[in-house]
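Novice: Here you go, this is target.tsv (TSV, C-alpha atoms and all ligand atoms).
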chain	number	residue	atom	x	y	z
A	1	MET	CA	-1.34	-33.03	-17.90
A	2	LYS	CA	0.03	-29.86	-16.34
A	3	LEU	CA	0.58	-30.08	-12.61
A	4	LEU	CA	0.79	-26.34	-12.05
A	5	SER	CA	-2.09	-24.30	-13.45
A	6	ASP	CA	-1.20	-20.85	-12.23
A	7	LEU	CA	2.34	-20.40	-10.98
A	8	ASN	CA	1.77	-16.71	-10.15
A	9	VAL	CA	-0.21	-17.58	-7.04
A	10	PHE	CA	2.99	-18.77	-5.33
A	11	ASP	CA	4.76	-15.48	-5.96
A	12	ALA	CA	5.41	-13.41	-2.81
A	13	GLU	CA	4.06	-10.38	-4.72
A	14	TYR	CA	0.87	-12.14	-5.79
A	15	ILE	CA	-2.34	-10.17	-5.18
A	16	PRO	CA	-5.33	-12.51	-4.90
A	17	GLU	CA	-8.58	-11.65	-6.65
A	18	VAL	CA	-10.43	-11.66	-3.35
A	19	VAL	CA	-8.70	-10.49	-0.18
A	20	HIS	CA	-10.45	-12.59	2.47
A	21	PHE	CA	-10.94	-11.60	6.13
A	22	ARG	CA	-10.07	-7.97	5.48
A	23	ASP	CA	-13.53	-6.48	4.76
A	24	ARG	CA	-13.30	-4.08	7.68
A	25	GLN	CA	-9.87	-2.76	6.64
A	26	ILE	CA	-10.96	-2.47	2.99
A	27	SER	CA	-14.10	-0.49	3.82
A	28	SER	CA	-12.26	1.82	6.22
A	29	LEU	CA	-9.62	2.62	3.64
A	30	LEU	CA	-12.20	3.06	0.87
A	31	ALA	CA	-14.20	5.43	3.07
A	32	ASN	CA	-11.08	7.43	3.98
A	33	LEU	CA	-9.98	7.86	0.37
A	34	GLU	CA	-13.39	8.23	-1.25
A	35	PRO	CA	-13.43	12.08	-1.06
A	36	ALA	CA	-10.54	12.06	-3.58
A	37	LEU	CA	-13.03	11.02	-6.26
A	38	ARG	CA	-14.92	14.28	-5.68
A	39	ASN	CA	-11.70	16.32	-5.60
A	40	SER	CA	-12.11	16.72	-1.83
A	41	SER	CA	-9.53	15.97	0.84
A	42	PRO	CA	-8.98	12.27	1.54
A	43	VAL	CA	-8.44	11.20	5.16
A	44	ASN	CA	-4.78	10.30	5.59
A	45	SER	CA	-4.39	6.70	6.68
A	46	LEU	CA	-1.82	4.52	8.37
A	47	LEU	CA	-2.01	0.77	7.81
A	48	VAL	CA	-0.23	-0.99	10.66
A	49	GLY	CA	0.31	-4.66	11.34
A	50	PRO	CA	2.94	-7.42	11.35
A	51	PRO	CA	4.41	-8.64	8.06
A	52	SER	CA	2.20	-10.76	5.81
A	53	THR	CA	-1.13	-9.61	7.21
A	54	GLY	CA	-2.48	-8.35	3.88
A	55	LYS	CA	-1.57	-4.65	4.10
A	56	THR	CA	-0.12	-4.45	0.59
A	57	CYS	CA	-2.92	-6.62	-0.86
A	58	VAL	CA	-5.62	-4.40	0.63
A	59	LEU	CA	-3.89	-1.19	-0.42
A	60	LEU	CA	-3.40	-2.29	-4.05
A	61	ARG	CA	-6.95	-3.62	-4.31
A	62	VAL	CA	-8.38	-0.36	-2.93
A	63	LEU	CA	-6.19	1.84	-5.17
A	64	GLU	CA	-7.70	0.08	-8.20
A	65	GLU	CA	-10.94	1.90	-7.37
A	66	PHE	CA	-9.26	5.28	-7.78
A	67	GLY	CA	-8.53	5.31	-11.48
A	68	ASP	CA	-10.42	8.61	-11.81
A	69	CYS	CA	-7.97	10.54	-9.67
A	70	TYR	CA	-4.18	10.42	-9.47
A	71	THR	CA	-2.53	7.69	-7.43
A	72	ALA	CA	1.16	7.09	-6.77
A	73	TYR	CA	2.01	3.74	-5.21
A	74	ILE	CA	5.56	3.67	-3.92
A	75	ARG	CA	7.39	0.69	-2.49
A	76	CYS	CA	9.77	2.63	-0.24
A	77	PRO	CA	12.59	0.04	-0.22
A	78	LEU	CA	12.98	0.95	-3.91
A	79	ALA	CA	12.94	4.70	-3.21
A	80	VAL	CA	14.53	5.45	0.15
A	81	SER	CA	15.44	9.10	-0.34
A	82	ALA	CA	12.94	11.94	-0.28
A	83	TYR	CA	14.02	12.84	-3.82
A	84	ARG	CA	13.38	9.31	-5.15
A	85	VAL	CA	9.92	9.27	-3.58
A	86	MET	CA	9.13	12.67	-5.07
A	87	ALA	CA	10.45	11.56	-8.45
A	88	ARG	CA	8.11	8.54	-8.37
A	89	ILE	CA	5.15	10.81	-7.53
A	90	PHE	CA	6.13	13.12	-10.39
A	91	GLU	CA	6.31	10.15	-12.78
A	92	SER	CA	2.90	8.82	-11.70
A	93	VAL	CA	1.19	12.18	-12.15
A	94	CYS	CA	3.07	13.79	-15.03
A	95	GLY	CA	3.61	10.55	-16.95
A	96	HIS	CA	7.28	10.96	-17.74
A	97	GLN	CA	10.57	10.39	-16.00
A	98	ALA	CA	11.96	12.90	-13.56
A	99	PRO	CA	15.61	13.95	-13.82
A	100	GLN	CA	17.73	11.46	-11.83
A	101	THR	CA	19.44	14.13	-9.71
A	102	GLY	CA	20.35	17.77	-9.63
A	103	TYR	CA	16.80	19.08	-9.84
A	104	PRO	CA	15.19	20.78	-6.85
A	105	MET	CA	12.66	18.50	-5.19
A	106	VAL	CA	10.27	21.38	-4.62
A	107	LYS	CA	10.20	22.08	-8.36
A	108	LEU	CA	9.19	18.49	-9.03
A	109	TYR	CA	6.36	18.84	-6.60
A	110	ASP	CA	5.35	22.22	-8.06
A	111	ALA	CA	4.94	20.49	-11.42
A	112	VAL	CA	2.80	17.81	-9.77
A	113	CYS	CA	0.59	20.44	-8.10
A	114	ASP	CA	0.22	22.40	-11.34
A	115	ARG	CA	-1.07	19.25	-13.01
A	116	LEU	CA	-3.53	18.57	-10.17
A	117	ILE	CA	-4.89	22.11	-10.38
A	118	GLN	CA	-5.10	22.02	-14.17
A	119	ASP	CA	-7.01	18.71	-14.16
A	120	GLY	CA	-9.06	19.44	-11.03
A	121	LYS	CA	-8.08	16.05	-9.62
A	122	ALA	CA	-6.93	14.84	-6.22
A	123	LEU	CA	-3.80	12.79	-5.56
A	124	ILE	CA	-3.37	9.75	-3.32
A	125	VAL	CA	0.22	8.96	-2.35
A	126	ALA	CA	0.71	5.45	-0.98
A	127	LEU	CA	4.01	4.84	0.81
A	128	ASP	CA	4.39	1.09	1.36
A	129	GLU	CA	6.98	-0.15	3.89
A	130	ILE	CA	7.62	3.45	4.91
A	131	ARG	CA	9.83	2.45	7.88
A	132	VAL	CA	12.79	1.72	5.62
A	133	ILE	CA	13.00	5.50	5.25
A	134	GLU	CA	14.73	7.41	8.03
A	135	VAL	CA	12.21	9.09	10.36
A	136	LYS	CA	13.80	12.49	9.70
A	137	VAL	CA	13.21	12.01	5.97
A	138	ILE	CA	9.64	10.77	6.52
A	139	ASN	CA	8.93	13.97	8.43
A	140	GLU	CA	10.43	16.08	5.68
A	141	LEU	CA	8.44	14.27	3.00
A	142	LEU	CA	5.08	14.39	4.74
A	143	ASP	CA	5.64	18.04	5.48
A	144	ILE	CA	6.15	18.84	1.80
A	145	LEU	CA	3.36	16.54	0.61
A	146	LEU	CA	0.71	17.82	2.98
A	147	ARG	CA	1.48	21.51	3.25
A	148	VAL	CA	0.43	22.11	-0.35
A	149	GLU	CA	-3.20	21.84	0.61
A	150	GLU	CA	-2.98	25.17	2.45
A	151	GLU	CA	-0.66	26.75	-0.09
A	152	TYR	CA	-2.25	25.75	-3.40
A	153	GLY	CA	-5.61	24.30	-2.44
A	154	VAL	CA	-4.79	20.94	-4.05
A	155	LYS	CA	-6.18	17.77	-2.48
A	156	VAL	CA	-3.55	15.25	-1.44
A	157	GLY	CA	-4.06	12.19	0.76
A	158	VAL	CA	-1.27	10.00	2.09
A	159	VAL	CA	-1.54	6.31	2.96
A	160	ALA	CA	1.48	5.05	4.87
A	161	VAL	CA	2.05	1.35	5.51
A	162	SER	CA	4.22	0.16	8.35
A	163	HIS	CA	4.84	-2.87	10.54
A	164	GLU	CA	5.24	-0.55	13.53
A	165	SER	CA	3.92	2.87	14.50
A	166	ILE	CA	5.90	5.91	13.35
A	167	ARG	CA	6.92	8.72	15.63
A	168	LEU	CA	6.43	11.96	13.74
A	169	ASN	CA	7.42	15.38	14.91
A	170	PRO	CA	4.50	17.37	16.36
A	171	ALA	CA	4.21	19.85	13.47
A	172	VAL	CA	3.97	17.03	10.92
A	173	GLN	CA	1.69	14.99	13.17
A	174	ALA	CA	-0.67	17.95	13.28
A	175	VAL	CA	-1.12	17.93	9.49
A	176	PHE	CA	-0.87	14.17	8.94
A	177	GLN	CA	-3.60	13.22	11.50
A	178	ALA	CA	-3.85	9.71	10.11
A	179	ASP	CA	-6.68	7.29	10.72
A	180	VAL	CA	-4.93	4.13	11.93
A	181	ILE	CA	-6.18	0.89	10.38
A	182	HIS	CA	-4.95	-2.23	12.18
A	183	PHE	CA	-4.06	-5.51	10.52
A	184	PRO	CA	-4.03	-8.31	13.12
A	185	LEU	CA	-2.29	-11.64	12.51
A	186	TYR	CA	-4.45	-14.24	10.74
A	187	SER	CA	-5.75	-17.13	12.83
A	188	TYR	CA	-4.74	-20.67	11.89
A	189	GLU	CA	-8.17	-21.22	10.29
A	190	GLU	CA	-7.85	-18.05	8.22
A	191	MET	CA	-4.35	-19.01	7.03
A	192	HIS	CA	-5.55	-22.49	6.19
A	193	PHE	CA	-8.42	-21.07	4.13
A	194	ILE	CA	-6.17	-18.64	2.25
A	195	LEU	CA	-3.53	-21.28	1.52
A	196	ALA	CA	-6.10	-23.89	0.45
A	197	GLU	CA	-7.49	-21.40	-2.04
A	198	ARG	CA	-3.99	-20.63	-3.28
A	199	ALA	CA	-3.29	-24.36	-3.70
A	200	ARG	CA	-6.58	-24.80	-5.55
A	201	LYS	CA	-5.61	-22.06	-8.01
A	202	GLY	CA	-1.95	-23.07	-8.30
A	203	PHE	CA	-2.34	-26.82	-8.57
A	204	GLY	CA	-5.81	-26.84	-10.12
A	205	GLY	CA	-7.13	-29.14	-7.35
A	206	LYS	CA	-4.34	-31.70	-7.86
A	207	PHE	CA	-3.00	-31.79	-4.30
A	208	GLU	CA	-3.59	-33.71	-1.11
A	209	PRO	CA	-5.61	-31.87	1.56
A	210	ASP	CA	-3.02	-33.06	4.12
A	211	ALA	CA	-0.37	-31.11	2.29
A	212	VAL	CA	-2.28	-27.83	2.75
A	213	GLU	CA	-2.64	-28.61	6.44
A	214	ARG	CA	1.09	-29.09	6.81
A	215	VAL	CA	1.84	-25.90	4.89
A	216	ALA	CA	-0.72	-23.94	6.94
A	217	GLU	CA	0.78	-25.26	10.19
A	218	TYR	CA	4.23	-24.23	9.06
A	219	ALA	CA	3.11	-20.76	7.97
A	220	PHE	CA	1.11	-20.26	11.17
A	221	ARG	CA	4.03	-21.35	13.38
A	222	HIS	CA	6.18	-18.70	11.70
A	223	SER	CA	3.31	-16.16	11.53
A	224	ASP	CA	4.04	-15.64	7.86
A	225	LEU	CA	1.69	-16.47	5.02
A	226	ARG	CA	4.49	-15.92	2.54
A	227	LEU	CA	6.08	-19.16	3.74
A	228	GLY	CA	3.01	-21.01	2.46
A	301	LIG	N1	-6.51	-12.00	2.97
A	301	LIG	C1	-5.72	-12.61	2.08
A	301	LIG	N2	-6.22	-13.43	1.14
A	301	LIG	C2	-5.39	-14.02	0.27
A	301	LIG	N3	-4.06	-13.88	0.24
A	301	LIG	C3	-3.50	-13.08	1.16
A	301	LIG	C4	-4.30	-12.38	2.12
A	301	LIG	N4	-3.50	-11.66	2.91
A	301	LIG	C5	-2.25	-11.86	2.46
A	301	LIG	N5	-2.24	-12.71	1.41
A	301	LIG	C6	-1.04	-13.17	0.70
A	301	LIG	O1	0.03	-13.20	1.63
A	301	LIG	C7	1.20	-12.58	1.12
A	301	LIG	C8	1.56	-11.39	1.96
A	301	LIG	O2	0.54	-10.39	1.92
A	301	LIG	P1	0.87	-8.84	1.89
A	301	LIG	O3	-0.36	-8.09	1.55
A	301	LIG	O4	2.06	-8.63	1.00
A	301	LIG	O5	1.28	-8.63	3.41
A	301	LIG	P2	1.92	-7.33	4.12
A	301	LIG	O6	1.93	-6.23	3.13
A	301	LIG	O7	1.04	-7.09	5.30
A	301	LIG	O8	3.30	-7.74	4.55
A	301	LIG	C9	0.88	-12.22	-0.32
A	301	LIG	O9	1.37	-13.23	-1.16
A	301	LIG	C10	-0.63	-12.18	-0.38
A	301	LIG	O10	-1.07	-12.55	-1.64
A	302	MG	MG	3.57	-5.32	2.23
Using structure tokens, write down the structure that the file contains.
Ligand SMILES: Nc1ncnc2c1ncn2[C@@H]1O[C@H](COP(=O)(O)OP(=O)(O)O)[C@@H](O)[C@H]1O
Ligand SMILES: [Mg+2]

Specialist:
Amino acid sequence: MKLLSDLNVFDAEYIPEVVHFRDRQISSLLANLEPALRNSSPVNSLLVGPPSTGKTCVLLRVLEEFGDCYTAYIRCPLAVSAYRVMARIFESVCGHQAPQTGYPMVKLYDAVCDRLIQDGKALIVALDEIRVIEVKVINELLDILLRVEEEYGVKVGVVAVSHESIRLNPAVQAVFQADVIHFPLYSYEEMHFILAERARKGFGGKFEPDAVERVAEYAFRHSDLRLG
């Protein structure tokens, strides 16, 4: 008899099938991005909350609904320079690798915009854990990403995810105008529910209820579901 039925559920990157207790955040983000499906301008969004409050889960679940337009999901710790972020956007939209270096960033983005115009599709850029990028670079990036709307008439929406608010310079703030979606810490009961479900999936019901309680207490004490 196998003790572990689905090991993936214990992975820190695991995205559960149902993201519980986040209905409000999911519907706000869906509503903000929905215009992209009609090639209209999405409402830029900022997901803010402490670590392990479901920001990445919600974002990835919501992006799954946007298969009919272009989406670029970028984990910023893996792309900390403006060029790397732009290269990832280029790859998501144009479907092939960008030159590693030595190519003007604006040209990469021109190619992206050409594709959007050609296909009549909007683009959603999701920048997860954006605070690992220097604020100066964030300003530069958002400026390039969002100015195109005026210049080329393409529709681009940005979703930024951060554990703290970001101070943007006034010119960028004026174009970014993000709707802020808050992710509060889970209560003990919510954590217990989430972890019990994870244990059910991972151990196929072969665990003692007491064990889940102890894990939930530990995770709650450290305010981090990932420790469950
Ligand atoms: N509402 C939820 N339901 C089920 N699992 C969740 C929920 N929220 C978070 N998790 C789990 O907790 C961990 C951290 O969630 P994540 O979305 O990465 O947090 P954040 O991006 O806010 O740091 C992940 O393993 C995720 O699967
Ligand atoms: Mg995250």

Novice: Give me, as a Markdown table, the closest atom pair and its distance (Å, one decimal) for every residue of chain A within a cut-off of 10 Å of ligand MG 302 (chain A), counting all atoms listed in the file, rows sorted by chain and rising number.

Specialist:
| residue | atom | partner | partner_atom | distance |
| --- | --- | --- | --- | --- |
| A:Ala12 | CA | A:MG302 | MG | 9.7 |
| A:Glu13 | CA | A:MG302 | MG | 8.6 |
| A:Leu47 | CA | A:MG302 | MG | 10.0 |
| A:Gly49 | CA | A:MG302 | MG | 9.7 |
| A:Pro50 | CA | A:MG302 | MG | 9.4 |
| A:Pro51 | CA | A:MG302 | MG | 6.8 |
| A:Ser52 | CA | A:MG302 | MG | 6.7 |
| A:Thr53 | CA | A:MG302 | MG | 8.1 |
| A:Gly54 | CA | A:MG302 | MG | 7.0 |
| A:Lys55 | CA | A:MG302 | MG | 5.5 |
| A:Thr56 | CA | A:MG302 | MG | 4.1 |
| A:Cys57 | CA | A:MG302 | MG | 7.3 |
| A:Val58 | CA | A:MG302 | MG | 9.4 |
| A:Leu59 | CA | A:MG302 | MG | 8.9 |
| A:Leu60 | CA | A:MG302 | MG | 9.9 |
| A:Arg75 | CA | A:MG302 | MG | 8.5 |
| A:Asp128 | CA | A:MG302 | MG | 6.5 |
| A:Glu129 | CA | A:MG302 | MG | 6.4 |
| A:Val161 | CA | A:MG302 | MG | 7.6 |
| A:Ser162 | CA | A:MG302 | MG | 8.2 |
| A:His163 | CA | A:MG302 | MG | 8.8 |

Novice: Counting only C-alpha atoms and all ligand atoms, which of A:Val132, A:Leu225, A:Ala160, A:Val43 gets nearest to ligand LIG 301 (chain A)?

Specialist: A:Leu225

Novice: Rank A:Met191, A:Pro170, A:Glu17, A:Val158 by their smallest atom-to-atom distance to A:Thr71, using all atoms listed in the file, and report the top residue only.

Specialist: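 Using all atoms listed in the file, the shortest distance to A:Thr71 belongs to A:Val158.
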
Novice: Ranking A:Glu197, A:Glu64, A:Glu91, A:Glu213 by minimum distance to ligand LIG 301 (chain A) and counting all atoms listed in the file, which one comes first?

Specialist: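 Checking each of A:Glu197, A:Glu64, A:Glu91, A:Glu213 against ligand LIG 301 (chain A), counting all atoms listed in the file, the winner is A:Glu197.
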
Novice: Might you pull out every residue within 7 Å of A:Leu46, with only C-alpha atoms counted and same-chain residues fewer than 3 positions away left off, and present them as a CSV table (one decimal) with C-alpha atoms, in the coordinates of the input?

Specialist:
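Once written, selection-v9.csv looks like this:
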chain,number,residue,atom,x,y,z
A,159,VAL,CA,-1.5,6.3,3.0
A,160,ALA,CA,1.5,5.0,4.9
A,161,VAL,CA,2.0,1.4,5.5
A,178,ALA,CA,-3.8,9.7,10.1
A,179,ASP,CA,-6.7,7.3,10.7
A,180,VAL,CA,-4.9,4.1,11.9
A,181,ILE,CA,-6.2,0.9,10.4

Novice: Atom N4 of ligand LIG 301 (chain A) and atom CA of A:Arg131 are how many Å apart?

Specialist: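 These atoms are spaced 20.0 Å apart.
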
Novice: Which residue out of A:Leu195, A:Leu141, A:Val80, A:Ala122 has the minimum interatomic distance to ligand LIG 301 (chain A) when only C-alpha atoms and all ligand atoms are used?

Specialist: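 Smallest distance to ligand LIG 301 (chain A) is found for A:Leu195.
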
Novice: Counting only C-alpha atoms, which of A:Tyr186, A:Tyr109, A:Tyr73, A:Phe90 gets nearest to A:Ile130?

Specialist: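 Using only C-alpha atoms, the shortest distance to A:Ile130 belongs to A:Tyr73.
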
Novice: Need to verify the contact set: A:Tyr188, 9 Å, only C-alpha atoms, exclusion of same-chain residues closer than 2 positions in sequence. Can you return it as a ChimeraX atom specification?

Specialist: /A:186,190-193,216-217,219-221

Novice: Set up a box along x, y and z of the file covering all listed atoms of ligand LIG 301 (chain A), add 8 Å on every one of the six sides, and write the centre and edge lengths in Å to one decimal, as JSON.

Specialist:
{"center_x": -1.6, "center_y": -10.1, "center_z": 1.8, "size_x": 25.8, "size_y": 23.8, "size_z": 22.9}

Novice: Compare A:Leu30, A:Val212, A:Ala196, A:Leu145 by their minimum atom-to-atom distance to ligand LIG 301 (chain A), counting only C-alpha atoms and all ligand atoms, and give me the closest one.

Specialist: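 The closest residue to ligand LIG 301 (chain A) is A:Ala196.
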
Novice: Calculate how many Å separate atom CA of A:Ile166 from atom O5 of ligand LIG 301 (chain A), rounding to one decimal.

Specialist: 18.2 Å

Novice: Suppose you want the space between atom CA of A:Pro42 and atom CA of A:Asn139; what is it in Å?

Specialist: 19.3 Å

Novice: Find the residues around A:Tyr152 up to 9 Å (only C-alpha atoms counted), leave out those fewer than 2 positions away in its own chain, and share them as a ChimeraX atom specification.

Specialist: /A:113-114,117,147-150,154-155

Novice: Write the residues you've just listed into a file as a CSV table (one decimal), keeping the file's coordinate frame, and include C-alpha atoms for each of them.

Specialist:
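Output contents, as saved in selection33.csv:
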chain,number,residue,atom,x,y,z
A,113,CYS,CA,0.6,20.4,-8.1
A,114,ASP,CA,0.2,22.4,-11.3
A,117,ILE,CA,-4.9,22.1,-10.4
A,147,ARG,CA,1.5,21.5,3.2
A,148,VAL,CA,0.4,22.1,-0.4
A,149,GLU,CA,-3.2,21.8,0.6
A,150,GLU,CA,-3.0,25.2,2.4
A,154,VAL,CA,-4.8,20.9,-4.0
A,155,LYS,CA,-6.2,17.8,-2.5

Novice: Please list as a VMD selection string every residue within 9 Å of A:Val172, counting only C-alpha atoms and excluding residues in the same chain fewer than 2 positions away.

Specialist: chain A and resid 139 to 140 142 to 143 146 168 to 170 174 to 177

Novice: Quick one: residues within 8 Å of A:Leu123, all atoms listed in the file, excluding same-chain residues fewer than 4 positions away - as a ChimeraX atom specification?

Specialist: /A:36,69-72,116,155-157
